Amino acid sequence: MRPVTPESAFVEANGLRLHYLRWREGGERGPIVLNHATGFLAALWQPIAERLASAGYEAIAYDARGHGDSDKPEPTDENYHWQRFVDDLDAFLAALNLHDIPFVGHSMGAADGLYLAGTRPGVFSRMAVIEPIVMPGSFQPDETRRNDMAASARRRRMSFDSREEVIDQYRSRPTFQRWTEESLRLYAEHGADEAEDGTIRLKCPAEVEGDIFSHSGSLDIWDVLPQIDVPILVMAGEHTECFLDMVAQGVAQRVPNGRLLKVR
């Protein structure tokens, strides 16, 4: 499979300037939208998008608000409530005249897609969601854990001496130890900018990531799952933590046409 260089562009959506990438060769099978997780960005879809493009799809991924090269509103309860991300996804699709198309989402990006599909029939034709962040029914999230995750994100190191140091730092963290070298390099290359003093600074502000974590569970996604009328593949990994594995199983059972896939 030969490399596919994505086209880079911007679009005005929901009052924001959103950056997006488009991978395509023939594109005869039509567009497919990819939605990233908290703290990540569109460029990390590169390995998957290349395969989709070689299979005839036009793969499209955008940087969510506060991420990558998209606009970064000030961190407030309103600006990074999860409803804003759903609104952005809806507006992004409308701006590019995309509807009744396949969707792939990861973590928060998967949750946004599920909520939109449950409240806007016809927007997607089928879905693949990877470890979606959905709070089951009357489940009360552990506020201490959520606050700890938000606080940890806000303390995240933002500046590095080089992109190699970014890679070394992230490779040493448990969450990223199973990342491929390609994914780590994509993050270091596209997820950070070079400052005037020559240091490398991550593009997603720590305060933004913290705000997003603090709003996890802020949408009643569980309640709208039965309203989704398209086939959904719910994916979880062999090393997925127990809670997210349970969520994946619950989502696959609650949507009318769901299937669970355990990836090893």
# chains A, B, ... in the order shown; residues from 1 in each chain; ligands from 1

call {"tool": "select_by_dssp", "arguments": {"residues": "range 10-221 of chain A", "states": "alpha helix (DSSP H)", "output": "ChimeraX atom specification"}}
result
/A:46-54,82-95,108-119,143-154,163-171,181-190,206-214,221

call {"tool": "select_by_dssp", "arguments": {"residues": "range 114-168 of chain A", "states": "strand (DSSP E or B)", "output": "list in words"}}
result
Phe124, Ser125, Arg126, Met127, Ala128, Val129, Ile130, Ser159 and Phe160 of chain A

call {"tool": "write_last_selection", "arguments": {"atoms": "N, CA, C and O atoms", "output": "JSON list (two decimals), in the first residue's frame"}}
result
[["chain", "number", "residue", "atom", "x", "y", "z"],
["A", 124, "PHE", "N", -25.84, 9.46, 9.69],
["A", 124, "PHE", "CA", -24.88, 8.39, 9.40],
["A", 124, "PHE", "C", -25.59, 7.18, 8.82],
["A", 124, "PHE", "O", -26.75, 6.90, 9.15],
["A", 125, "SER", "N", -24.86, 6.43, 7.97],
["A", 125, "SER", "CA", -25.42, 5.21, 7.39],
["A", 125, "SER", "C", -25.03, 3.98, 8.20],
["A", 125, "SER", "O", -25.77, 2.99, 8.23],
["A", 126, "ARG", "N", -23.87, 4.00, 8.83],
["A", 126, "ARG", "CA", -23.39, 2.95, 9.72],
["A", 126, "ARG", "C", -22.24, 3.52, 10.53],
["A", 126, "ARG", "O", -21.67, 4.54, 10.15],
["A", 127, "MET", "N", -21.92, 2.85, 11.63],
["A", 127, "MET", "CA", -20.96, 3.42, 12.55],
["A", 127, "MET", "C", -20.02, 2.35, 13.10],
["A", 127, "MET", "O", -20.42, 1.19, 13.30],
["A", 128, "ALA", "N", -18.78, 2.76, 13.38],
["A", 128, "ALA", "CA", -17.84, 1.96, 14.16],
["A", 128, "ALA", "C", -17.36, 2.85, 15.29],
["A", 128, "ALA", "O", -16.83, 3.95, 15.04],
["A", 129, "VAL", "N", -17.57, 2.43, 16.53],
["A", 129, "VAL", "CA", -17.20, 3.25, 17.68],
["A", 129, "VAL", "C", -16.21, 2.47, 18.54],
["A", 129, "VAL", "O", -16.44, 1.32, 18.89],
["A", 130, "ILE", "N", -15.10, 3.12, 18.88],
["A", 130, "ILE", "CA", -14.00, 2.49, 19.60],
["A", 130, "ILE", "C", -13.98, 3.00, 21.03],
["A", 130, "ILE", "O", -13.79, 4.20, 21.28],
["A", 159, "SER", "N", 5.77, 21.69, 27.13],
["A", 159, "SER", "CA", 6.92, 22.13, 26.35],
["A", 159, "SER", "C", 8.05, 21.11, 26.41],
["A", 159, "SER", "O", 8.33, 20.54, 27.49],
["A", 160, "PHE", "N", 8.70, 20.88, 25.27],
["A", 160, "PHE", "CA", 9.78, 19.90, 25.16],
["A", 160, "PHE", "C", 10.93, 20.49, 24.37],
["A", 160, "PHE", "O", 10.75, 21.43, 23.59]]

call {"tool": "atom_distance", "arguments": {"atom1": "CA of Ala110 in chain A", "atom2": "CA of Val263 in chain A"}}
result
16.5 Å

call {"tool": "closest_residue", "arguments": {"among": "A:Ala252, A:Ala64, A:Ile221, A:Met235", "to": "Arg264 in chain A", "atoms": "only C-alpha atoms"}}
result
A:Met235

call {"tool": "residues_around", "arguments": {"residues": "Met246 in chain A", "least_positions_apart": "4", "cutoff": "10 Å", "atoms": "only C-alpha atoms", "output": "count of residues only"}}
result
8

call {"tool": "residues_around", "arguments": {"residues": "Leu44 in chain A", "least_positions_apart": "3", "cutoff": "9 Å", "atoms": "only C-alpha atoms", "output": "list of chain:residue names"}}
result
A:His36, A:Phe40, A:Leu41, A:Pro47, A:Ile48, A:Ser183, A:Leu184, A:Leu186, A:Tyr187, A:His190, A:Gly191

call {"tool": "write_last_selection", "arguments": {"atoms": "C-alpha atoms", "output": "short mmCIF file (atom, residue, chain, number, x, y, z; two decimals), in the first residue's frame"}}
result
data_model
loop_
_atom_site.label_atom_id
_atom_site.label_comp_id
_atom_site.auth_asym_id
_atom_site.auth_seq_id
_atom_site.Cartn_x
_atom_site.Cartn_y
_atom_site.Cartn_z
CA HIS A 36 -10.65 11.56 17.31
CA PHE A 40 -5.56 13.74 19.98
CA LEU A 41 -6.04 15.20 16.48
CA PRO A 47 -2.61 4.78 9.11
CA ILE A 48 -6.33 3.96 9.05
CA SER A 183 1.52 6.87 15.76
CA LEU A 184 3.97 8.39 18.23
CA LEU A 186 2.51 11.46 13.93
CA TYR A 187 1.59 12.91 17.32
CA HIS A 190 1.41 17.18 13.97
CA GLY A 191 0.33 17.56 17.59
#

call {"tool": "atom_distance", "arguments": {"atom1": "CA of Asp100 in chain A", "atom2": "CA of Leu18 in chain A"}}
result
21.3 Å

call {"tool": "closest_residue", "arguments": {"among": "A:Glu12, A:Asn97, A:Arg65, A:Ile167", "to": "Thr180 in chain A", "atoms": "only C-alpha atoms"}}
result
A:Ile167

call {"tool": "residues_around", "arguments": {"residues": "Asp112 in chain A", "least_positions_apart": "2", "cutoff": "12 Å", "atoms": "only C-alpha atoms", "output": "compact mmCIF listing (two decimals) with N, CA and C atoms, in the first residue's frame"}}
result
# COMPACT_ATOMS: atom_id res chain seq x y z
N LEU A 34 -14.00 10.43 10.34
CA LEU A 34 -13.25 9.87 11.47
C LEU A 34 -13.16 10.95 12.56
N ASN A 35 -13.53 10.59 13.79
CA ASN A 35 -13.59 11.58 14.87
C ASN A 35 -12.69 11.13 16.02
N HIS A 36 -11.70 11.96 16.36
CA HIS A 36 -10.65 11.56 17.31
C HIS A 36 -11.06 11.71 18.77
N ALA A 37 -10.21 11.19 19.65
CA ALA A 37 -10.42 11.22 21.10
C ALA A 37 -9.87 12.51 21.71
N THR A 38 -10.20 12.73 22.98
CA THR A 38 -9.69 13.87 23.73
C THR A 38 -8.16 13.89 23.71
N ALA A 64 -10.90 18.59 16.56
CA ALA A 64 -11.96 19.13 17.41
C ALA A 64 -11.55 20.48 18.00
N HIS A 81 -18.22 21.93 27.27
CA HIS A 81 -19.28 20.97 27.56
C HIS A 81 -19.37 20.04 26.35
N TRP A 82 -19.68 18.77 26.57
CA TRP A 82 -19.66 17.82 25.45
C TRP A 82 -20.73 18.13 24.39
N GLN A 83 -21.77 18.86 24.76
CA GLN A 83 -22.77 19.25 23.76
C GLN A 83 -22.14 20.11 22.67
N ARG A 84 -21.13 20.90 23.03
CA ARG A 84 -20.47 21.75 22.04
C ARG A 84 -19.78 20.89 20.98
N PHE A 85 -19.20 19.77 21.38
CA PHE A 85 -18.52 18.90 20.42
C PHE A 85 -19.52 18.23 19.48
N VAL A 86 -20.69 17.89 20.02
CA VAL A 86 -21.75 17.33 19.17
C VAL A 86 -22.21 18.38 18.17
N ASP A 87 -22.41 19.61 18.64
CA ASP A 87 -22.83 20.70 17.76
C ASP A 87 -21.79 20.95 16.67
N ASP A 88 -20.51 20.88 17.05
CA ASP A 88 -19.44 21.09 16.06
C ASP A 88 -19.46 19.99 15.00
N LEU A 89 -19.63 18.75 15.43
CA LEU A 89 -19.68 17.63 14.48
C LEU A 89 -20.84 17.82 13.51
N ASP A 90 -21.99 18.17 14.03
CA ASP A 90 -23.18 18.40 13.20
C ASP A 90 -22.91 19.52 12.20
N PHE A 103 -19.36 6.42 9.71
CA PHE A 103 -18.70 7.21 10.75
C PHE A 103 -17.85 6.28 11.60
N VAL A 104 -16.64 6.75 11.95
CA VAL A 104 -15.76 6.05 12.89
C VAL A 104 -15.37 7.04 13.97
N GLY A 105 -15.52 6.67 15.24
CA GLY A 105 -15.14 7.56 16.32
C GLY A 105 -14.43 6.81 17.44
N HIS A 106 -13.56 7.54 18.13
CA HIS A 106 -12.80 6.96 19.22
C HIS A 106 -13.05 7.73 20.51
N SER A 107 -13.39 7.03 21.59
CA SER A 107 -13.53 7.61 22.92
C SER A 107 -14.57 8.74 22.93
N MET A 108 -14.19 9.96 23.28
CA MET A 108 -15.15 11.05 23.24
C MET A 108 -15.68 11.27 21.82
N GLY A 109 -14.81 11.11 20.82
CA GLY A 109 -15.26 11.27 19.44
C GLY A 109 -16.33 10.26 19.08
N ALA A 110 -16.25 9.05 19.65
CA ALA A 110 -17.28 8.03 19.43
C ALA A 110 -18.57 8.43 20.14
N LEU A 114 -22.35 9.00 18.55
CA LEU A 114 -23.52 8.25 19.01
C LEU A 114 -24.65 9.20 19.40
N TYR A 115 -24.32 10.26 20.11
CA TYR A 115 -25.37 11.20 20.53
C TYR A 115 -26.00 11.88 19.32
N LEU A 116 -25.17 12.27 18.35
CA LEU A 116 -25.70 12.90 17.15
C LEU A 116 -26.58 11.93 16.37
N ALA A 117 -26.14 10.68 16.25
CA ALA A 117 -26.94 9.69 15.52
C ALA A 117 -28.28 9.43 16.19
N GLY A 118 -28.30 9.49 17.53
CA GLY A 118 -29.54 9.25 18.26
C GLY A 118 -30.50 10.42 18.24
N THR A 119 -30.00 11.60 17.91
CA THR A 119 -30.85 12.79 17.91
C THR A 119 -31.06 13.37 16.51
N ARG A 120 -30.30 12.89 15.54
CA ARG A 120 -30.41 13.38 14.16
C ARG A 120 -30.43 12.20 13.19
N MET A 127 -21.92 2.85 11.63
CA MET A 127 -20.96 3.42 12.55
C MET A 127 -20.02 2.35 13.10
N VAL A 129 -17.57 2.43 16.53
CA VAL A 129 -17.20 3.25 17.68
C VAL A 129 -16.21 2.47 18.54
N ILE A 130 -15.10 3.12 18.88
CA ILE A 130 -14.00 2.49 19.60
C ILE A 130 -13.98 3.00 21.03
N PRO A 132 -16.26 3.83 23.32
CA PRO A 132 -17.02 5.08 23.51
C PRO A 132 -17.18 5.43 24.99
N ILE A 133 -17.10 6.71 25.31
CA ILE A 133 -17.30 7.18 26.68
C ILE A 133 -18.79 7.46 26.87
N VAL A 134 -19.49 6.47 27.38
CA VAL A 134 -20.94 6.56 27.60
C VAL A 134 -21.22 6.05 29.01
N SER A 216 -16.80 14.94 31.23
CA SER A 216 -17.16 13.60 30.76
C SER A 216 -18.45 13.16 31.46
N GLY A 217 -19.33 12.56 30.70
CA GLY A 217 -20.62 12.16 31.24
C GLY A 217 -21.63 13.29 31.30
N SER A 218 -21.35 14.40 30.63
CA SER A 218 -22.26 15.56 30.70
C SER A 218 -23.42 15.47 29.72
N LEU A 219 -23.46 14.42 28.90
CA LEU A 219 -24.59 14.19 28.00
C LEU A 219 -25.23 12.85 28.35
N ASP A 220 -26.55 12.77 28.23
CA ASP A 220 -27.27 11.52 28.49
C ASP A 220 -27.27 10.65 27.24
N ILE A 221 -26.09 10.21 26.86
CA ILE A 221 -25.96 9.44 25.63
C ILE A 221 -26.66 8.09 25.75
N TRP A 222 -26.59 7.49 26.93
CA TRP A 222 -27.22 6.18 27.14
C TRP A 222 -28.70 6.22 26.77
N VAL A 224 -30.26 7.96 24.52
CA VAL A 224 -30.60 8.08 23.10
C VAL A 224 -30.15 6.87 22.29
N LEU A 225 -29.37 5.95 22.88
CA LEU A 225 -28.87 4.80 22.13
C LEU A 225 -29.97 3.99 21.45

call {"tool": "closest_residue", "arguments": {"among": "A:Leu233, A:Ala188, A:Arg146, A:Arg154", "to": "Tyr170 in chain A", "atoms": "only C-alpha atoms"}}
result
A:Ala188

call {"tool": "atom_distance", "arguments": {"atom1": "CA of Val255 in chain A", "atom2": "CA of Ile228 in chain A"}}
result
6.4 Å

call {"tool": "closest_residue", "arguments": {"among": "A:Val166, A:Ala9, A:Ala111, A:Val208", "to": "Ala192 in chain A", "atoms": "only C-alpha atoms"}}
result
A:Val166

call {"tool": "decode", "arguments": {"residues": "range 148-191 of chain A", "atoms": "N, CA and C atoms", "output": "CSV table (one decimal), in the first residue's frame"}}
result
chain,number,residue,atom,x,y,z
A,148,ASP,N,-9.6,13.7,39.3
A,148,ASP,CA,-8.2,13.4,39.3
A,148,ASP,C,-7.7,13.4,37.9
A,149,MET,N,-8.5,12.9,36.9
A,149,MET,CA,-8.1,12.8,35.5
A,149,MET,C,-8.0,14.3,35.0
A,150,ALA,N,-9.0,15.1,35.4
A,150,ALA,CA,-9.0,16.5,34.9
A,150,ALA,C,-7.7,17.2,35.5
A,151,ALA,N,-7.5,17.0,36.7
A,151,ALA,CA,-6.3,17.7,37.4
A,151,ALA,C,-5.0,17.2,36.8
A,152,SER,N,-4.9,15.9,36.5
A,152,SER,CA,-3.7,15.4,35.9
A,152,SER,C,-3.5,16.0,34.5
A,153,ALA,N,-4.6,16.1,33.7
A,153,ALA,CA,-4.5,16.7,32.4
A,153,ALA,C,-4.0,18.1,32.5
A,154,ARG,N,-4.5,18.9,33.5
A,154,ARG,CA,-4.1,20.3,33.6
A,154,ARG,C,-2.6,20.4,34.0
A,155,ARG,N,-2.1,19.4,34.6
A,155,ARG,CA,-0.7,19.4,35.0
A,155,ARG,C,0.2,18.9,33.9
A,156,ARG,N,-0.3,18.5,32.8
A,156,ARG,CA,0.4,17.9,31.7
A,156,ARG,C,1.5,18.8,31.2
A,157,ARG,N,2.7,18.2,31.0
A,157,ARG,CA,3.8,18.9,30.5
A,157,ARG,C,3.5,19.4,29.1
A,158,MET,N,3.7,20.7,28.8
A,158,MET,CA,3.4,21.2,27.5
A,158,MET,C,4.6,21.5,26.6
A,159,SER,N,5.8,21.7,27.1
A,159,SER,CA,6.9,22.1,26.4
A,159,SER,C,8.1,21.1,26.4
A,160,PHE,N,8.7,20.9,25.3
A,160,PHE,CA,9.8,19.9,25.2
A,160,PHE,C,10.9,20.5,24.4
A,161,ASP,N,12.1,19.9,24.5
A,161,ASP,CA,13.3,20.4,23.8
A,161,ASP,C,13.3,20.0,22.4
A,162,SER,N,12.6,18.9,22.0
A,162,SER,CA,12.6,18.4,20.7
A,162,SER,C,11.5,17.4,20.5
A,163,ARG,N,11.2,17.1,19.2
A,163,ARG,CA,10.1,16.2,18.9
A,163,ARG,C,10.5,14.8,19.4
A,164,GLU,N,11.8,14.5,19.4
A,164,GLU,CA,12.2,13.2,19.9
A,164,GLU,C,12.0,13.0,21.4
A,165,GLU,N,12.1,14.2,22.1
A,165,GLU,CA,11.8,14.1,23.5
A,165,GLU,C,10.3,13.9,23.7
A,166,VAL,N,9.4,14.4,22.9
A,166,VAL,CA,8.0,14.2,23.0
A,166,VAL,C,7.8,12.7,22.8
A,167,ILE,N,8.4,12.1,21.8
A,167,ILE,CA,8.2,10.7,21.6
A,167,ILE,C,8.7,9.8,22.8
A,168,ASP,N,9.9,10.2,23.3
A,168,ASP,CA,10.4,9.4,24.4
A,168,ASP,C,9.5,9.5,25.7
A,169,GLN,N,9.0,10.7,25.9
A,169,GLN,CA,8.2,11.0,27.1
A,169,GLN,C,6.9,10.2,27.0
A,170,TYR,N,6.2,10.2,25.8
A,170,TYR,CA,5.0,9.5,25.7
A,170,TYR,C,5.1,8.0,25.6
A,171,ARG,N,6.2,7.5,25.0
A,171,ARG,CA,6.5,6.1,25.0
A,171,ARG,C,6.6,5.5,26.4
A,172,SER,N,7.1,6.3,27.3
A,172,SER,CA,7.3,5.8,28.7
A,172,SER,C,6.0,5.8,29.5
A,173,ARG,N,4.9,6.4,29.0
A,173,ARG,CA,3.7,6.4,29.8
A,173,ARG,C,2.9,5.1,29.5
A,174,PRO,N,2.3,4.6,30.6
A,174,PRO,CA,1.5,3.3,30.4
A,174,PRO,C,0.4,3.4,29.3
A,175,THR,N,-0.3,4.5,29.2
A,175,THR,CA,-1.3,4.7,28.2
A,175,THR,C,-0.8,4.5,26.8
A,176,PHE,N,0.4,4.9,26.6
A,176,PHE,CA,1.0,5.0,25.2
A,176,PHE,C,2.0,3.9,24.9
A,177,GLN,N,2.3,3.0,25.8
A,177,GLN,CA,3.3,2.0,25.6
A,177,GLN,C,3.0,1.0,24.5
A,178,ARG,N,1.8,0.9,24.1
A,178,ARG,CA,1.4,0.0,23.0
A,178,ARG,C,1.2,0.7,21.7
A,179,TRP,N,1.4,2.0,21.7
A,179,TRP,CA,1.3,2.8,20.5
A,179,TRP,C,2.4,2.3,19.5
A,180,THR,N,2.1,2.4,18.2
A,180,THR,CA,3.1,2.1,17.2
A,180,THR,C,4.1,3.3,17.1
A,181,GLU,N,5.3,3.0,16.6
A,181,GLU,CA,6.2,4.1,16.4
A,181,GLU,C,5.7,5.1,15.4
A,182,GLU,N,4.9,4.7,14.4
A,182,GLU,CA,4.3,5.6,13.5
A,182,GLU,C,3.3,6.6,14.2
A,183,SER,N,2.5,6.0,15.1
A,183,SER,CA,1.5,6.9,15.8
A,183,SER,C,2.2,7.9,16.7
A,184,LEU,N,3.2,7.5,17.4
A,184,LEU,CA,4.0,8.4,18.2
A,184,LEU,C,4.6,9.5,17.4
A,185,ARG,N,5.1,9.2,16.3
A,185,ARG,CA,5.8,10.2,15.4
A,185,ARG,C,4.7,11.1,14.8
A,186,LEU,N,3.6,10.6,14.4
A,186,LEU,CA,2.5,11.5,13.9
A,186,LEU,C,2.1,12.5,15.0
A,187,TYR,N,2.0,12.0,16.2
A,187,TYR,CA,1.6,12.9,17.3
A,187,TYR,C,2.6,14.0,17.5
A,188,ALA,N,3.9,13.6,17.6
A,188,ALA,CA,5.0,14.5,17.8
A,188,ALA,C,5.1,15.5,16.6
A,189,GLU,N,4.9,15.1,15.4
A,189,GLU,CA,5.0,16.0,14.3
A,189,GLU,C,3.8,16.9,14.1
A,190,HIS,N,2.6,16.4,14.3
A,190,HIS,CA,1.4,17.2,14.0
A,190,HIS,C,0.7,17.7,15.2
A,191,GLY,N,1.0,17.1,16.4
A,191,GLY,CA,0.3,17.6,17.6
A,191,GLY,C,1.1,18.6,18.4
